[in-house]
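As stored in target_28.cif (mmCIF, C-alpha atoms):
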```cif
data_work
#
loop_
_atom_site.label_atom_id
_atom_site.label_comp_id
_atom_site.auth_asym_id
_atom_site.auth_seq_id
_atom_site.Cartn_x
_atom_site.Cartn_y
_atom_site.Cartn_z
CA ASP A 453 -8.47 -3.92 9.64
CA GLY A 454 -5.64 -1.45 9.21
CA GLY A 455 -5.00 -0.06 5.79
CA ILE A 456 -5.40 2.64 3.21
CA THR A 457 -8.63 3.29 1.38
CA GLN A 458 -9.15 5.32 -1.77
CA SER A 459 -12.39 6.39 -3.34
CA PRO A 460 -13.87 6.30 -5.80
CA LYS A 461 -12.41 3.37 -7.70
CA TYR A 462 -13.29 5.04 -11.01
CA LEU A 463 -13.86 8.76 -11.57
CA PHE A 464 -15.00 10.57 -14.69
CA ARG A 465 -14.14 14.19 -15.23
CA LYS A 466 -15.72 16.60 -17.66
CA GLU A 467 -13.59 19.25 -19.30
CA GLY A 468 -13.14 22.29 -17.05
CA GLN A 469 -14.25 20.43 -13.94
CA ASN A 470 -12.34 20.03 -10.66
CA VAL A 471 -12.53 16.59 -9.06
CA THR A 472 -11.35 15.35 -5.67
CA LEU A 473 -9.88 11.94 -4.93
CA SER A 474 -10.14 10.66 -1.39
CA CYS A 475 -7.40 8.90 0.58
CA GLU A 476 -7.80 7.73 4.19
CA GLN A 477 -5.44 5.65 6.35
CA ASN A 478 -5.77 4.15 9.81
CA LEU A 479 -2.16 3.03 10.14
CA ASN A 480 -1.21 6.04 12.25
CA HIS A 481 1.39 7.00 9.66
CA ASP A 482 2.71 10.56 9.66
CA ALA A 483 3.66 10.67 5.97
CA MET A 484 1.26 10.43 3.04
CA TYR A 485 1.86 10.61 -0.70
CA TRP A 486 0.08 10.93 -4.03
CA TYR A 487 1.46 9.33 -7.18
CA ARG A 488 0.34 9.28 -10.76
CA GLN A 489 0.92 6.25 -12.98
CA ASP A 490 0.48 6.31 -16.73
CA PRO A 491 0.29 3.12 -18.82
CA GLY A 492 3.62 1.33 -19.00
CA GLN A 493 5.30 3.88 -16.77
CA GLY A 494 6.51 4.05 -13.22
CA LEU A 495 5.19 6.16 -10.38
CA ARG A 496 5.57 9.93 -10.45
CA LEU A 497 5.20 11.88 -7.21
CA ILE A 498 2.57 14.61 -7.21
CA TYR A 499 2.52 15.79 -3.58
CA TYR A 500 3.58 14.47 -0.22
CA SER A 501 2.96 15.41 3.38
CA GLN A 502 5.15 14.55 6.33
CA ILE A 503 2.93 16.07 8.99
CA VAL A 504 -0.53 17.54 9.44
CA ASN A 505 -1.03 21.01 7.92
CA ASP A 506 2.15 20.72 5.87
CA PHE A 507 2.81 19.35 2.38
CA GLN A 508 5.38 19.65 -0.39
CA LYS A 509 5.23 19.53 -4.16
CA GLY A 510 6.57 16.50 -5.91
CA ASP A 511 7.82 16.23 -9.47
CA ILE A 512 4.50 16.88 -11.25
CA ALA A 513 2.42 19.12 -8.93
CA GLU A 514 1.13 21.50 -11.61
CA GLY A 515 -2.64 21.23 -11.99
CA TYR A 516 -3.11 19.46 -8.64
CA SER A 517 -3.79 20.60 -5.10
CA VAL A 518 -3.90 18.84 -1.71
CA SER A 519 -4.76 19.46 1.93
CA ARG A 520 -3.73 17.71 5.14
CA GLU A 521 -6.12 18.83 7.86
CA LYS A 522 -6.17 15.47 9.61
CA LYS A 523 -3.48 12.84 10.06
CA GLU A 524 -5.73 10.19 8.54
CA SER A 525 -6.76 12.05 5.40
CA PHE A 526 -4.92 13.45 2.37
CA PRO A 527 -7.36 14.35 -0.44
CA LEU A 528 -6.10 15.25 -3.91
CA THR A 529 -7.92 17.70 -6.17
CA VAL A 530 -7.33 17.49 -9.90
CA THR A 531 -8.03 20.97 -11.17
CA SER A 532 -9.12 22.14 -14.61
CA ALA A 533 -5.54 23.35 -15.12
CA GLN A 534 -4.41 19.72 -15.44
CA LYS A 535 -4.88 19.22 -19.16
CA ASN A 536 -4.07 15.53 -19.31
CA PRO A 537 -5.50 14.00 -16.13
CA THR A 538 -6.28 10.51 -17.41
CA ALA A 539 -4.17 8.16 -15.27
CA PHE A 540 -4.13 5.76 -12.35
CA TYR A 541 -3.76 7.67 -9.07
CA LEU A 542 -2.17 5.98 -6.08
CA CYS A 543 -2.10 7.14 -2.48
CA ALA A 544 0.49 5.80 -0.05
CA SER A 545 1.48 6.28 3.57
CA SER A 546 4.50 5.46 5.70
CA ARG A 547 6.46 6.06 8.86
CA PRO A 548 9.52 8.27 8.25
CA GLN A 549 12.00 6.60 5.88
CA GLU A 550 10.13 3.30 6.08
CA THR A 551 8.08 1.21 3.69
CA GLN A 552 5.33 2.98 1.80
CA TYR A 553 2.01 1.14 1.71
CA PHE A 554 -0.38 1.79 -1.12
CA GLY A 555 -4.12 2.12 -1.38
CA PRO A 556 -6.05 0.33 -4.16
CA GLY A 557 -5.94 3.35 -6.48
CA THR A 558 -8.39 5.54 -8.38
CA ARG A 559 -8.61 5.44 -12.15
CA LEU A 560 -9.49 8.87 -13.54
CA LEU A 561 -10.96 9.14 -17.01
CA VAL A 562 -11.91 12.21 -19.01
CA LEU A 563 -15.32 12.38 -20.71
CA GLN B 860 18.58 14.43 -10.24
CA LYS B 861 18.12 11.32 -8.18
CA GLU B 862 17.18 8.38 -10.38
CA VAL B 863 16.48 4.71 -10.18
CA GLU B 864 16.74 2.85 -13.45
CA GLN B 865 15.42 -0.55 -14.38
CA ASN B 866 15.38 -2.57 -17.58
CA SER B 867 11.80 -2.31 -18.75
CA GLY B 868 11.85 -5.80 -20.20
CA PRO B 869 9.72 -7.63 -20.88
CA LEU B 870 11.49 -10.51 -19.21
CA SER B 871 10.24 -14.01 -19.86
CA VAL B 872 11.35 -17.11 -17.95
CA PRO B 873 10.02 -20.68 -17.91
CA GLU B 874 8.23 -21.96 -14.85
CA GLY B 875 10.69 -23.20 -12.24
CA ALA B 876 13.58 -21.03 -13.47
CA ILE B 877 15.30 -18.15 -11.66
CA ALA B 878 14.16 -14.67 -12.64
CA SER B 879 16.72 -11.89 -12.14
CA LEU B 880 15.59 -8.29 -11.95
CA ASN B 881 18.10 -5.46 -11.77
CA CYS B 882 18.06 -1.84 -10.73
CA THR B 883 20.76 0.87 -10.62
CA TYR B 884 20.63 4.15 -8.73
CA SER B 885 22.43 7.46 -9.05
CA ASP B 886 22.29 8.85 -5.49
CA ARG B 887 25.30 7.39 -3.69
CA GLY B 888 23.77 8.52 -0.40
CA SER B 889 20.64 6.41 -0.82
CA GLN B 890 20.06 4.31 2.26
CA SER B 891 17.23 1.86 1.67
CA PHE B 892 15.78 0.05 -1.29
CA PHE B 893 12.43 -1.57 -1.84
CA TRP B 894 10.99 -4.04 -4.32
CA TYR B 895 7.29 -3.88 -5.10
CA ARG B 896 5.18 -6.20 -7.24
CA GLN B 897 2.32 -4.74 -9.24
CA TYR B 898 -0.25 -6.87 -11.01
CA SER B 899 -2.00 -5.33 -13.98
CA GLY B 900 -4.65 -2.84 -12.86
CA LYS B 901 -3.70 -3.17 -9.19
CA SER B 902 -1.63 -1.14 -6.75
CA PRO B 903 1.97 -2.02 -5.82
CA GLU B 904 2.57 -4.38 -2.93
CA LEU B 905 5.84 -4.68 -1.02
CA ILE B 906 7.94 -7.79 -1.59
CA MET B 907 11.15 -6.91 0.22
CA PHE B 908 13.32 -4.08 1.45
CA ILE B 909 17.08 -4.02 1.95
CA TYR B 910 19.45 -1.45 3.43
CA SER B 911 22.65 -3.38 4.12
CA ASN B 912 25.21 -4.56 1.57
CA GLY B 913 24.83 -8.21 0.69
CA ASP B 914 21.91 -10.56 0.34
CA LYS B 915 18.58 -10.77 2.10
CA GLU B 916 16.40 -13.83 1.61
CA ASP B 917 12.68 -14.29 2.15
CA GLY B 918 11.25 -17.54 0.87
CA ARG B 919 11.74 -17.71 -2.89
CA PHE B 920 12.89 -14.09 -3.04
CA THR B 921 16.44 -12.77 -2.54
CA ALA B 922 17.32 -9.09 -2.64
CA GLN B 923 20.93 -8.11 -3.25
CA LEU B 924 22.47 -4.70 -2.59
CA ASN B 925 25.89 -3.52 -3.74
CA LYS B 926 26.42 0.07 -2.61
CA ALA B 927 29.89 0.35 -4.16
CA SER B 928 28.48 -0.45 -7.62
CA GLN B 929 25.12 1.22 -6.88
CA TYR B 930 22.89 -1.60 -7.92
CA VAL B 931 20.09 -3.60 -6.39
CA SER B 932 18.71 -6.85 -7.67
CA LEU B 933 15.84 -9.21 -6.96
CA LEU B 934 16.09 -12.93 -7.62
CA ILE B 935 12.98 -15.07 -7.77
CA ARG B 936 13.70 -18.77 -7.47
CA ASP B 937 11.35 -21.49 -8.71
CA SER B 938 9.37 -18.90 -10.66
CA GLN B 939 5.63 -19.49 -10.84
CA PRO B 940 3.05 -18.17 -13.30
CA SER B 941 1.59 -16.18 -10.38
CA ASP B 942 4.86 -14.22 -10.27
CA SER B 943 3.98 -12.67 -13.64
CA ALA B 944 3.71 -8.96 -12.88
CA THR B 945 5.62 -5.69 -13.08
CA TYR B 946 8.33 -5.28 -10.46
CA LEU B 947 9.16 -1.78 -9.23
CA CYS B 948 12.42 -0.83 -7.59
CA ALA B 949 12.47 2.18 -5.26
CA GLY B 950 15.13 3.95 -3.21
CA THR B 951 15.15 6.55 -0.49
CA PRO B 952 17.23 9.72 -0.87
CA GLY B 953 20.45 10.31 0.97
CA ASN B 954 18.94 13.20 2.93
CA THR B 955 16.24 12.88 5.56
CA GLY B 956 13.35 13.19 3.13
CA ASN B 957 10.60 10.58 3.13
CA GLN B 958 10.01 10.48 -0.58
CA PHE B 959 10.93 7.42 -2.64
CA TYR B 960 12.38 7.38 -6.13
CA PHE B 961 10.74 4.71 -8.26
CA GLY B 962 12.06 3.01 -11.34
CA THR B 963 9.77 2.51 -14.32
CA GLY B 964 9.39 -1.19 -13.56
CA THR B 965 10.31 -4.48 -15.21
CA SER B 966 7.58 -6.64 -16.68
CA LEU B 967 8.05 -10.34 -15.88
CA THR B 968 6.19 -13.19 -17.54
CA VAL B 969 6.60 -16.74 -16.23
CA ILE B 970 5.71 -19.24 -18.93
CA PRO B 971 4.05 -22.46 -17.76
#
```

The structure in this file should be written as structure tokens.
Amino acid sequence: DGGITQSPKYLFRKEGQNVTLSCEQNLNHDAMYWYRQDPGQGLRLIYYSQIVNDFQKGDIAEGYSVSREKKESFPLTVTSAQKNPTAFYLCASSRPQETQYFGPGTRLLVL
Amino acid sequence: QKEVEQNSGPLSVPEGAIASLNCTYSDRGSQSFFWYRQYSGKSPELIMFIYSNGDKEDGRFTAQLNKASQYVSLLIRDSQPSDSATYLCAGTPGNTGNQFYFGTGTSLTVIP
């Protein structure tokens, strides 16, 4: 089955802790994205990558970091500098300028 | 700043009626537009995309694009309770970037 997987489904973070959200795709898409969604709000772009070993900041990159070492993988780290990390995190992938397909999401909660 | 704006709703329609969802955009160079459906607690799923002026139909769904007036709409005919969800409008920028610009979504409830 082709698709996008995200893990874990739920993630709990303690204050001062860095946590990493996984995103993997087997659609052979060049572009991958991370979005944050808060209750009742739309999607805000955190980071995106159009090619391996390259990525760009989105609208709300502060407190987050990413890497793109493989075409299939685009992990997101929520650092301790992100003071309000509680949200629903969505990973997506696409061919250039085409439809973005989303993974099932990771819900991050702060203990 | 490139923006896509939607009425947040909520929009309520009776079962069997036509639901009309609207979206306006600020970037006149935007090329393509996408409608996603998002059920509560789930990730968005694509319903339709449109890049030419006019109408595009797919089953009960019709997307309409008017580039001169910079609006996009989605019509859902014969609305069903299973259509109750939040609908997100997204557009691509006028440059060659891959990123989308999402609206905040419109909540639709279809009343049986």

Report as an MDAnalysis selection string the residues that result from applying the PyMOL selection byres ((chain B) within 9 of (chain A)) to the structure here.
chainID B and resid 867 891 893 900:905 908 947 951 955:964

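Interatomic distance, atom CA of Asn925 of chain B against atom CA of Gly913 of chain B: 6.5 Å.
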
Leu934 of chain B: which residues within 9 Å, counting only C-alpha atoms, same-chain residues fewer than 3 positions away excluded, as a PDB file with C-alpha atoms, keeping the file's coordinate frame?
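Listed below is the output, around32.pdb:
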```
ATOM      1  CA  ILE B 877      15.300 -18.150 -11.660  1.00  0.00           C
ATOM      2  CA  ALA B 878      14.160 -14.670 -12.640  1.00  0.00           C
ATOM      3  CA  SER B 879      16.720 -11.890 -12.140  1.00  0.00           C
ATOM      4  CA  LEU B 880      15.590  -8.290 -11.950  1.00  0.00           C
ATOM      5  CA  ASN B 881      18.100  -5.460 -11.770  1.00  0.00           C
ATOM      6  CA  ARG B 919      11.740 -17.710  -2.890  1.00  0.00           C
ATOM      7  CA  PHE B 920      12.890 -14.090  -3.040  1.00  0.00           C
ATOM      8  CA  THR B 921      16.440 -12.770  -2.540  1.00  0.00           C
ATOM      9  CA  ALA B 922      17.320  -9.090  -2.640  1.00  0.00           C
ATOM     10  CA  GLN B 923      20.930  -8.110  -3.250  1.00  0.00           C
TER      11      GLN B 923
END
```

Nearest to Ile456 of chain A: which of A:Asn505, A:Asn478, A:Lys523, A:Trp486 is it, counting all atoms listed in the file?
A:Asn478

Which residues, written as an NGL selection string, have at least one atom at most 8 Å from Leu924 of chain B, with only C-alpha atoms counted and residues fewer than 5 positions away on the same chain left out?
:B and (909-914 or 929-932)

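The space separating atom CA of Cys475 of chain A from atom CA of Asp942 of chain B comes to 28.3 Å.
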
Between atom CA of Phe464 of chain A and atom CA of Thr538 of chain A, measure the distance and give it in Å to one decimal.
9.1 Å

Can you list what the PyMOL selection byres ((chain A and resi 562) around 12) grabs from this structure, as a short mmCIF file (atom, residue, chain, number, x, y, z; two decimals) with C-alpha atoms, keeping the file's coordinate frame?
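Contents of selection.cif, freshly written:
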```cif
data_model
loop_
_atom_site.label_atom_id
_atom_site.label_comp_id
_atom_site.auth_asym_id
_atom_site.auth_seq_id
_atom_site.Cartn_x
_atom_site.Cartn_y
_atom_site.Cartn_z
CA TYR A 462 -13.29 5.04 -11.01
CA LEU A 463 -13.86 8.76 -11.57
CA PHE A 464 -15.00 10.57 -14.69
CA ARG A 465 -14.14 14.19 -15.23
CA LYS A 466 -15.72 16.60 -17.66
CA GLU A 467 -13.59 19.25 -19.30
CA GLY A 468 -13.14 22.29 -17.05
CA GLN A 469 -14.25 20.43 -13.94
CA ASN A 470 -12.34 20.03 -10.66
CA VAL A 471 -12.53 16.59 -9.06
CA VAL A 530 -7.33 17.49 -9.90
CA SER A 532 -9.12 22.14 -14.61
CA GLN A 534 -4.41 19.72 -15.44
CA LYS A 535 -4.88 19.22 -19.16
CA ASN A 536 -4.07 15.53 -19.31
CA PRO A 537 -5.50 14.00 -16.13
CA THR A 538 -6.28 10.51 -17.41
CA ALA A 539 -4.17 8.16 -15.27
CA ARG A 559 -8.61 5.44 -12.15
CA LEU A 560 -9.49 8.87 -13.54
CA LEU A 561 -10.96 9.14 -17.01
CA LEU A 563 -15.32 12.38 -20.71
#
```

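For the set A:Ser474, A:Val504, A:Asp511, A:Phe526, the residue with the smallest atom-to-atom gap to Arg488 of chain A is A:Asp511, counting all atoms listed in the file.
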
Spatial neighbours of Val518 of chain A, 7 Å, all atoms listed in the file, chain gap at least 3 places, as a PyMOL selection string:
chain A and resi 526-529
